[in-house]
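One file, upload25.csv, is given below (CSV, C-alpha atoms and all ligand atoms).
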```csv
chain,number,residue,atom,x,y,z
K,289,MET,CA,-104.0,-140.3,0.1
K,290,LYS,CA,-105.8,-142.4,2.7
K,291,LYS,CA,-108.6,-143.3,0.3
K,292,GLU,CA,-106.4,-144.5,-2.6
K,293,VAL,CA,-104.4,-146.8,-0.4
K,294,ALA,CA,-107.4,-148.3,1.4
K,295,LYS,CA,-106.7,-151.9,0.1
K,296,LEU,CA,-103.0,-151.9,0.3
K,297,LYS,CA,-100.8,-154.6,1.8
K,298,ILE,CA,-97.3,-153.4,2.7
K,299,ALA,CA,-94.6,-155.9,3.6
K,300,ILE,CA,-91.5,-154.7,5.4
K,301,ASP,CA,-88.8,-157.3,6.0
K,302,GLY,CA,-85.2,-157.1,7.2
K,303,PRO,CA,-82.8,-158.2,9.9
K,304,ALA,CA,-82.8,-157.3,13.6
K,305,GLY,CA,-82.4,-153.6,14.3
K,306,ALA,CA,-82.8,-152.4,10.7
K,307,GLY,CA,-85.7,-150.2,11.9
K,308,LYS,CA,-88.6,-152.3,10.6
K,309,SER,CA,-91.1,-152.0,13.4
K,310,THR,CA,-90.7,-148.2,14.0
K,311,ILE,CA,-90.9,-147.5,10.2
K,312,ALA,CA,-93.8,-149.9,9.7
K,313,ARG,CA,-95.8,-148.4,12.6
K,314,LEU,CA,-95.3,-144.9,11.4
K,315,VAL,CA,-96.0,-145.7,7.7
K,316,ALA,CA,-99.2,-147.4,8.8
K,317,GLN,CA,-100.3,-144.4,10.9
K,318,GLU,CA,-99.5,-142.0,8.1
K,319,LEU,CA,-101.6,-144.0,5.6
K,320,GLY,CA,-104.4,-144.9,8.1
K,321,LEU,CA,-103.6,-148.7,7.8
K,322,ARG,CA,-103.4,-151.3,10.5
K,323,TYR,CA,-100.0,-152.5,11.7
K,324,LEU,CA,-98.9,-156.0,12.7
K,325,ASP,CA,-95.5,-156.7,14.3
K,326,THR,CA,-95.1,-160.4,13.4
K,327,GLY,CA,-91.9,-160.8,15.5
K,328,ALA,CA,-94.0,-160.0,18.6
K,329,MET,CA,-95.8,-163.2,18.1
K,330,TYR,CA,-92.7,-165.3,18.0
K,331,ARG,CA,-91.4,-163.4,21.0
K,332,ALA,CA,-94.6,-164.1,23.0
K,333,VAL,CA,-94.3,-167.8,22.3
K,334,THR,CA,-90.6,-167.7,23.4
K,335,LEU,CA,-91.5,-165.8,26.6
K,336,GLN,CA,-94.2,-168.3,27.5
K,337,ALA,CA,-91.9,-171.2,26.8
K,338,LEU,CA,-89.2,-169.7,29.0
K,339,ASN,CA,-91.7,-169.1,31.8
K,340,LYS,CA,-93.1,-172.6,31.6
K,341,GLY,CA,-89.7,-174.2,31.3
K,342,THR,CA,-90.6,-175.7,27.9
K,343,PRO,CA,-87.4,-177.1,26.2
K,344,LEU,CA,-86.8,-174.8,23.2
K,345,GLN,CA,-85.4,-177.5,21.0
K,346,ASP,CA,-88.6,-179.6,21.4
K,347,GLU,CA,-90.9,-178.7,18.5
K,348,ALA,CA,-93.8,-181.0,19.7
K,349,GLU,CA,-93.7,-179.4,23.2
K,350,LEU,CA,-93.7,-175.9,21.7
K,351,VAL,CA,-96.7,-176.7,19.6
K,352,ARG,CA,-98.5,-178.1,22.6
K,353,LEU,CA,-97.6,-174.8,24.4
K,354,ILE,CA,-98.9,-172.6,21.5
K,355,THR,CA,-102.2,-174.5,21.3
K,356,SER,CA,-102.8,-174.2,25.0
K,357,MET,CA,-102.0,-170.5,25.2
K,358,ASP,CA,-104.3,-167.6,24.4
K,359,LEU,CA,-102.2,-165.1,22.4
K,360,GLU,CA,-103.8,-161.8,21.6
K,361,ILE,CA,-102.3,-158.9,19.6
K,362,VAL,CA,-104.3,-155.7,20.0
K,363,PHE,CA,-103.8,-152.9,17.5
K,364,HIS,CA,-103.8,-149.6,19.4
K,365,GLN,CA,-105.4,-147.1,17.0
K,366,GLU,CA,-104.0,-143.9,18.6
K,367,THR,CA,-100.4,-144.9,18.9
K,368,GLY,CA,-100.3,-147.4,16.1
K,369,ALA,CA,-98.6,-149.8,18.6
K,370,ASN,CA,-99.3,-153.5,19.0
K,371,LEU,CA,-100.2,-154.6,22.6
K,372,VAL,CA,-99.4,-158.2,23.3
K,373,PHE,CA,-101.4,-160.4,25.8
K,374,ILE,CA,-100.8,-163.9,26.9
K,375,ASN,CA,-103.8,-165.5,28.7
K,376,GLY,CA,-105.2,-162.0,29.3
K,377,LYS,CA,-102.0,-160.6,30.9
K,378,GLU,CA,-100.2,-157.8,29.0
K,379,VAL,CA,-96.6,-158.7,28.1
K,380,THR,CA,-95.9,-155.9,25.6
K,381,GLU,CA,-92.7,-154.8,27.4
K,382,GLU,CA,-91.6,-158.2,28.7
K,383,ILE,CA,-91.3,-159.8,25.3
K,384,ARG,CA,-88.5,-157.3,24.5
K,385,LYS,CA,-86.2,-158.4,27.4
K,386,PRO,CA,-82.8,-159.7,26.4
K,387,GLU,CA,-83.5,-163.2,27.5
K,388,VAL,CA,-86.3,-163.4,24.9
K,389,SER,CA,-84.2,-161.8,22.2
K,390,ASP,CA,-81.5,-164.4,22.9
K,391,HIS,CA,-83.8,-167.4,22.3
K,392,VAL,CA,-86.5,-166.2,19.8
K,393,SER,CA,-84.6,-167.2,16.7
K,394,LEU,CA,-84.4,-170.8,17.9
K,395,VAL,CA,-88.1,-170.9,18.7
K,396,SER,CA,-89.0,-169.4,15.3
K,397,SER,CA,-86.9,-171.9,13.4
K,398,HIS,CA,-89.2,-174.8,14.1
K,399,ALA,CA,-91.4,-175.6,11.1
K,400,LYS,CA,-94.5,-176.4,13.1
K,401,VAL,CA,-94.2,-173.3,15.2
K,402,ARG,CA,-94.0,-171.2,12.0
K,403,GLU,CA,-96.9,-173.1,10.4
K,404,PHE,CA,-99.2,-172.1,13.3
K,405,ILE,CA,-98.0,-168.5,13.6
K,406,VAL,CA,-98.0,-167.9,9.9
K,407,ALA,CA,-101.5,-169.1,9.6
K,408,LEU,CA,-102.6,-166.6,12.1
K,409,GLN,CA,-100.7,-163.8,10.3
K,410,LYS,CA,-102.2,-164.7,6.9
K,411,GLU,CA,-105.7,-164.6,8.4
K,412,ILE,CA,-105.0,-161.1,9.9
K,413,GLY,CA,-103.5,-159.9,6.6
K,414,LYS,CA,-106.2,-161.3,4.3
K,415,GLN,CA,-108.5,-158.2,4.1
K,416,GLY,CA,-105.5,-155.9,3.5
K,417,GLN,CA,-105.3,-152.3,4.7
K,418,ILE,CA,-102.2,-153.4,6.6
K,419,VAL,CA,-98.5,-153.0,7.1
K,420,MET,CA,-96.7,-156.0,8.5
K,421,ASP,CA,-93.1,-156.3,9.4
K,422,GLY,CA,-90.9,-159.4,9.9
K,423,ARG,CA,-88.6,-161.7,8.1
K,424,ASP,CA,-90.9,-163.6,5.7
K,425,ILE,CA,-93.7,-161.2,5.0
K,426,GLY,CA,-92.9,-160.5,1.4
K,427,THR,CA,-92.0,-164.1,0.7
K,428,VAL,CA,-94.5,-166.2,2.7
K,429,VAL,CA,-97.1,-164.3,4.8
K,430,MET,CA,-98.2,-161.7,2.2
K,431,PRO,CA,-96.5,-162.7,-1.1
K,432,ASP,CA,-99.3,-160.9,-2.9
K,433,ALA,CA,-98.4,-157.5,-1.2
K,434,LYS,CA,-98.2,-154.8,-3.7
K,435,TRP,CA,-95.5,-153.0,-1.8
K,436,LYS,CA,-92.5,-154.9,-0.4
K,437,PHE,CA,-89.6,-153.3,1.3
K,438,PHE,CA,-86.3,-154.8,2.6
K,439,LEU,CA,-84.5,-152.7,5.2
K,440,GLN,CA,-80.8,-153.1,5.8
K,441,ALA,CA,-78.2,-151.5,8.0
K,442,SER,CA,-74.7,-152.3,9.2
K,443,VAL,CA,-74.4,-154.7,12.2
K,444,GLU,CA,-72.6,-151.9,14.2
K,445,GLU,CA,-75.4,-149.4,13.6
K,446,ARG,CA,-78.1,-152.0,14.4
K,447,ALA,CA,-76.4,-152.8,17.7
K,448,ARG,CA,-76.1,-149.1,18.6
K,449,ARG,CA,-79.9,-148.7,17.9
K,450,ARG,CA,-80.7,-151.8,19.9
K,451,GLN,CA,-78.5,-150.5,22.8
K,452,ARG,CA,-80.3,-147.2,22.9
K,453,GLU,CA,-83.7,-148.9,22.9
K,454,LEU,CA,-82.8,-151.3,25.7
K,455,ASP,CA,-81.2,-148.5,27.7
K,456,GLN,CA,-84.5,-146.6,27.6
K,457,ASN,CA,-86.2,-149.7,29.1
K,458,GLY,CA,-83.6,-149.9,31.8
K,459,HIS,CA,-81.5,-152.7,30.4
K,460,LYS,CA,-77.7,-152.0,30.2
K,461,ILE,CA,-76.1,-154.3,27.7
K,462,ASP,CA,-72.6,-154.1,26.3
K,463,LEU,CA,-72.4,-153.0,22.7
K,464,LEU,CA,-70.1,-155.8,21.6
K,465,ASP,CA,-72.4,-158.4,23.2
K,466,LEU,CA,-75.3,-156.9,21.2
K,467,GLU,CA,-73.3,-157.0,18.0
K,468,GLU,CA,-72.6,-160.7,18.7
K,469,GLN,CA,-76.3,-161.4,19.5
K,470,ILE,CA,-77.4,-159.6,16.2
K,471,ARG,CA,-74.8,-161.6,14.2
K,472,ARG,CA,-76.0,-164.8,15.7
K,473,ARG,CA,-79.7,-164.0,15.0
K,474,ASP,CA,-78.9,-162.9,11.4
K,475,TYR,CA,-77.1,-166.2,10.9
K,476,LEU,CA,-79.9,-168.3,12.4
K,477,ASP,CA,-82.7,-166.3,10.6
K,478,SER,CA,-81.0,-166.4,7.2
K,479,THR,CA,-79.8,-170.0,7.2
K,480,ARG,CA,-82.9,-171.8,8.7
K,481,GLU,CA,-84.6,-174.2,6.3
K,482,ILE,CA,-88.1,-172.9,6.6
K,483,SER,CA,-88.7,-169.4,5.2
K,484,PRO,CA,-85.3,-167.9,5.9
K,485,LEU,CA,-84.8,-164.2,6.0
K,486,ARG,CA,-84.3,-163.0,2.4
K,487,LYS,CA,-85.3,-160.2,0.2
K,488,ALA,CA,-88.5,-161.0,-1.7
K,489,GLU,CA,-88.5,-160.8,-5.4
K,490,GLY,CA,-89.4,-157.2,-6.4
K,491,ALA,CA,-88.8,-155.8,-3.0
K,492,ILE,CA,-87.3,-152.3,-2.7
K,493,GLU,CA,-84.1,-152.4,-0.7
K,494,LEU,CA,-83.3,-149.5,1.6
K,495,ASP,CA,-80.0,-149.2,3.5
K,496,THR,CA,-80.9,-147.2,6.6
K,497,THR,CA,-77.4,-147.1,8.2
K,498,SER,CA,-77.0,-143.4,7.8
K,499,LEU,CA,-80.7,-142.4,7.6
K,500,GLY,CA,-82.9,-141.2,10.5
K,501,ILE,CA,-86.3,-142.6,11.1
K,502,SER,CA,-88.2,-139.7,9.5
K,503,GLU,CA,-86.0,-139.9,6.4
K,504,VAL,CA,-86.8,-143.6,5.9
K,505,VAL,CA,-90.5,-143.1,6.5
K,506,GLU,CA,-90.5,-140.2,4.0
K,507,LYS,CA,-88.7,-142.3,1.4
K,508,VAL,CA,-91.2,-145.2,1.8
K,509,LEU,CA,-94.2,-142.9,1.7
K,510,ASP,CA,-92.8,-141.1,-1.4
K,511,LEU,CA,-92.3,-144.3,-3.2
K,512,ILE,CA,-95.8,-145.5,-2.4
K,513,LYS,CA,-97.4,-142.2,-3.3
K,514,GLU,CA,-95.6,-142.0,-6.6
K,515,GLY,CA,-96.5,-145.6,-7.4
K,516,GLU,CA,-100.1,-145.2,-6.5
K,517,GLN,CA,-100.4,-141.9,-8.5
K,518,GLY,CA,-98.9,-143.7,-11.5
K,519,VAL,CA,-101.5,-146.4,-11.2
K,520,GLN,CA,-104.3,-143.8,-10.9
K,521,ALA,CA,-103.0,-141.9,-13.9
K,522,SER,CA,-102.8,-145.0,-16.1
K,523,SER,CA,-106.3,-146.2,-15.0
K,524,CYS,CA,-107.7,-142.7,-15.9
K,525,ARG,CA,-106.2,-143.0,-19.4
K,526,SER,CA,-107.6,-146.5,-20.1
K,601,LIG,O1,-87.2,-156.4,16.4
K,601,LIG,P1,-86.2,-157.4,16.0
K,601,LIG,O2,-85.8,-157.3,14.6
K,601,LIG,O3,-85.1,-157.6,17.0
K,601,LIG,O4,-86.9,-158.8,16.1
K,601,LIG,P2,-88.4,-159.2,15.9
K,601,LIG,O5,-89.0,-158.6,14.6
K,601,LIG,O6,-89.1,-158.9,17.1
K,601,LIG,O7,-88.3,-160.7,15.6
K,601,LIG,C1,-87.7,-161.6,16.6
K,601,LIG,C2,-87.3,-162.9,15.9
K,601,LIG,O8,-88.5,-163.6,15.5
K,601,LIG,C3,-86.5,-162.8,14.7
K,601,LIG,O9,-85.1,-162.7,15.0
K,601,LIG,C4,-86.8,-164.1,14.0
K,601,LIG,O10,-86.1,-165.2,14.5
K,601,LIG,C5,-88.3,-164.3,14.3
K,601,LIG,N1,-89.2,-163.8,13.3
K,601,LIG,C6,-89.5,-164.6,12.2
K,601,LIG,O11,-88.9,-165.7,12.1
K,601,LIG,N2,-90.4,-164.3,11.3
K,601,LIG,C7,-91.0,-163.1,11.3
K,601,LIG,N3,-91.9,-162.8,10.4
K,601,LIG,C8,-90.8,-162.2,12.4
K,601,LIG,C9,-89.8,-162.6,13.4
```

For this file, produce the structure as structure tokens.
Ligand code: CDP
Amino acid sequence: MKKEVAKLKIAIDGPAGAGKSTIARLVAQELGLRYLDTGAMYRAVTLQALNKGTPLQDEAELVRLITSMDLEIVFHQETGANLVFINGKEVTEEIRKPEVSDHVSLVSSHAKVREFIVALQKEIGKQGQIVMDGRDIGTVVMPDAKWKFFLQASVEERARRRQRELDQNGHKIDLLDLEEQIRRRDYLDSTREISPLRKAEGAIELDTTSLGISEVVEKVLDLIKEGEQGVQASSCRS
């Protein structure tokens, strides 16, 4: 399997809490591909802006901040995780804190912020052998990806998942507050003018509300394996 998928680009999009990053990381590991969590880049910019007191409405100030910071995403081969560094300091955990989640959709809605971050993502994606997850991967960052998935789940289930995740990291947040935050982010992400969250043409939609992580990973891998075998069989015939 690893050999046939060597040049693959896999795009996984969907709203907050649909399971994108866990699924994308595991699919990448299973296929021996790299993994990029594009949301982590917007989160890192948001964290830096909050730490520096940059006004989050001010696009020009945010661009100045981005161009003055050293943002590094390191792909950890063994775990498949992305380690995030700002000016050499690791912030992998810090970018998940609720304060960042609350403000990241505003930061990511600025056209010039996206222009800068998307250019970095396109550069990382260009040689393929990668799984990326985000909101605009199938539509903007890797529109040429052969495989595009759009993960969905109910707001209630996504809030429950997010609560479990935050709980494990020592953050106690009320479930209704999380539902509210997710609804707000869904709204901002899907109504913004620049590359809103939407299913890419040809993307395979999977509702993960009642599916466990391993079931979704298996479904995605089965679809890719079937598709790749189909391609191989038809190229053998020609
Ligand atoms: O993990 P979760 O779904 O909560 O969020 P994330 O993937 O870390 O992304 C955080 C935020 O960054 C999203 O709510 C979007 O506002 C923004 N984002 C984006 O605009 N485009 C992407 N490709 C990825 C994230």

From the list K:Ser389, K:Ser498, K:Asn370, K:Thr342, which residue is nearest ligand LIG 601 (chain K) when using all atoms listed in the file?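 Under the stated criterion, the closest residue is K:Ser389.
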
Expected answer as a CSV table (one decimal) with C-alpha atoms, in the frame of the given file: residues within 6 Å of ligand LIG 601 (chain K), only C-alpha atoms and all ligand atoms:
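pocket-v2.csv, freshly written:
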```
chain,number,residue,atom,x,y,z
K,303,PRO,CA,-82.8,-158.2,9.9
K,304,ALA,CA,-82.8,-157.3,13.6
K,305,GLY,CA,-82.4,-153.6,14.3
K,326,THR,CA,-95.1,-160.4,13.4
K,327,GLY,CA,-91.9,-160.8,15.5
K,328,ALA,CA,-94.0,-160.0,18.6
K,330,TYR,CA,-92.7,-165.3,18.0
K,392,VAL,CA,-86.5,-166.2,19.8
K,393,SER,CA,-84.6,-167.2,16.7
K,396,SER,CA,-89.0,-169.4,15.3
K,422,GLY,CA,-90.9,-159.4,9.9
K,423,ARG,CA,-88.6,-161.7,8.1
K,424,ASP,CA,-90.9,-163.6,5.7
K,425,ILE,CA,-93.7,-161.2,5.0
K,473,ARG,CA,-79.7,-164.0,15.0
K,477,ASP,CA,-82.7,-166.3,10.6
```

Would you compute the distance between CA of Ile383 (chain K) and CA of Met329 (chain K)? Give it in Å to one decimal.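 Atom-to-atom, CA of Ile383 (chain K) and CA of Met329 (chain K) are spaced 9.1 Å apart.
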
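Using all atoms listed in the file for every distance, the candidate list K:Val379, K:Val395, K:Leu439, K:Pro343 yields K:Leu439 as the residue closest to Ile501 (chain K).
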
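Residues near the point (-103.6, -156.3, 4.7), at a distance of 9 Å or less over only C-alpha atoms, make up Lys295, Leu296, Lys297, Ile298, Leu321, Arg322, Tyr323, Lys410, Ile412, Gly413, Lys414, Gln415, Gly416, Gln417, Ile418, Val419, Met420, Met430 and Ala433 of chain K.
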
To one decimal in Å, tell me the separation between CA of Gln317 (chain K) and CA of Phe438 (chain K).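 Interatomic distance here is 19.3 Å.
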
Taking all atoms listed in the file into account, which of K:Ile482, K:Val351, K:Val388, K:Ile311 comes nearest Asn339 (chain K)? K:Val388

Go through K:Leu314, K:Val508, K:Ile492, K:Leu485 and flag the residue nearest Thr367 (chain K), using only C-alpha atoms for the distances.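 The closest residue to Thr367 (chain K) is K:Leu314.
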
What does the distance from CA of Lys460 (chain K) to CA of Arg448 (chain K) come to in Å, to one decimal? 12.1 Å

Please, could N, CA and C atoms be added to region 481-499 of chain K and the result written as a compact mmCIF listing (two decimals), in the coordinates of the input?
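Output (selection-v6.txt):
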```txt
# COMPACT_ATOMS: atom_id res chain seq x y z
N GLU K 481 -84.01 -173.57 7.52
CA GLU K 481 -84.60 -174.20 6.30
C GLU K 481 -85.91 -173.63 5.92
N ILE K 482 -86.74 -173.33 6.92
CA ILE K 482 -88.10 -172.90 6.60
C ILE K 482 -88.13 -171.33 6.56
N SER K 483 -88.65 -170.81 5.47
CA SER K 483 -88.70 -169.40 5.20
C SER K 483 -87.62 -168.54 5.84
N PRO K 484 -86.41 -168.72 5.34
CA PRO K 484 -85.30 -167.90 5.90
C PRO K 484 -85.47 -166.43 5.49
N LEU K 485 -84.78 -165.61 6.26
CA LEU K 485 -84.80 -164.20 6.00
C LEU K 485 -84.13 -163.94 4.61
N ARG K 486 -84.89 -163.43 3.67
CA ARG K 486 -84.30 -163.00 2.40
C ARG K 486 -85.17 -162.01 1.72
N LYS K 487 -84.54 -161.25 0.84
CA LYS K 487 -85.30 -160.20 0.20
C LYS K 487 -86.26 -160.85 -0.82
N ALA K 488 -87.52 -160.45 -0.75
CA ALA K 488 -88.50 -161.00 -1.70
C ALA K 488 -88.26 -160.45 -3.09
N GLU K 489 -88.65 -161.23 -4.06
CA GLU K 489 -88.50 -160.80 -5.40
C GLU K 489 -89.31 -159.47 -5.61
N GLY K 490 -88.68 -158.49 -6.20
CA GLY K 490 -89.40 -157.20 -6.40
C GLY K 490 -89.38 -156.27 -5.26
N ALA K 491 -88.80 -156.70 -4.13
CA ALA K 491 -88.80 -155.80 -3.00
C ALA K 491 -87.82 -154.65 -3.17
N ILE K 492 -88.17 -153.52 -2.62
CA ILE K 492 -87.30 -152.30 -2.70
C ILE K 492 -86.36 -152.36 -1.52
N GLU K 493 -85.05 -152.36 -1.78
CA GLU K 493 -84.10 -152.40 -0.70
C GLU K 493 -83.67 -151.03 -0.25
N LEU K 494 -83.72 -150.78 1.05
CA LEU K 494 -83.30 -149.50 1.60
C LEU K 494 -82.24 -149.69 2.65
N ASP K 495 -81.08 -149.07 2.47
CA ASP K 495 -80.00 -149.20 3.50
C ASP K 495 -80.24 -147.96 4.44
N THR K 496 -80.56 -148.27 5.70
CA THR K 496 -80.90 -147.20 6.60
C THR K 496 -79.75 -146.80 7.55
N THR K 497 -78.53 -147.35 7.25
CA THR K 497 -77.40 -147.10 8.20
C THR K 497 -77.22 -145.64 8.52
N SER K 498 -77.28 -144.78 7.49
CA SER K 498 -77.00 -143.40 7.80
C SER K 498 -78.29 -142.53 7.66
N LEU K 499 -79.44 -143.17 7.76
CA LEU K 499 -80.70 -142.40 7.60
C LEU K 499 -81.43 -142.40 8.98
```
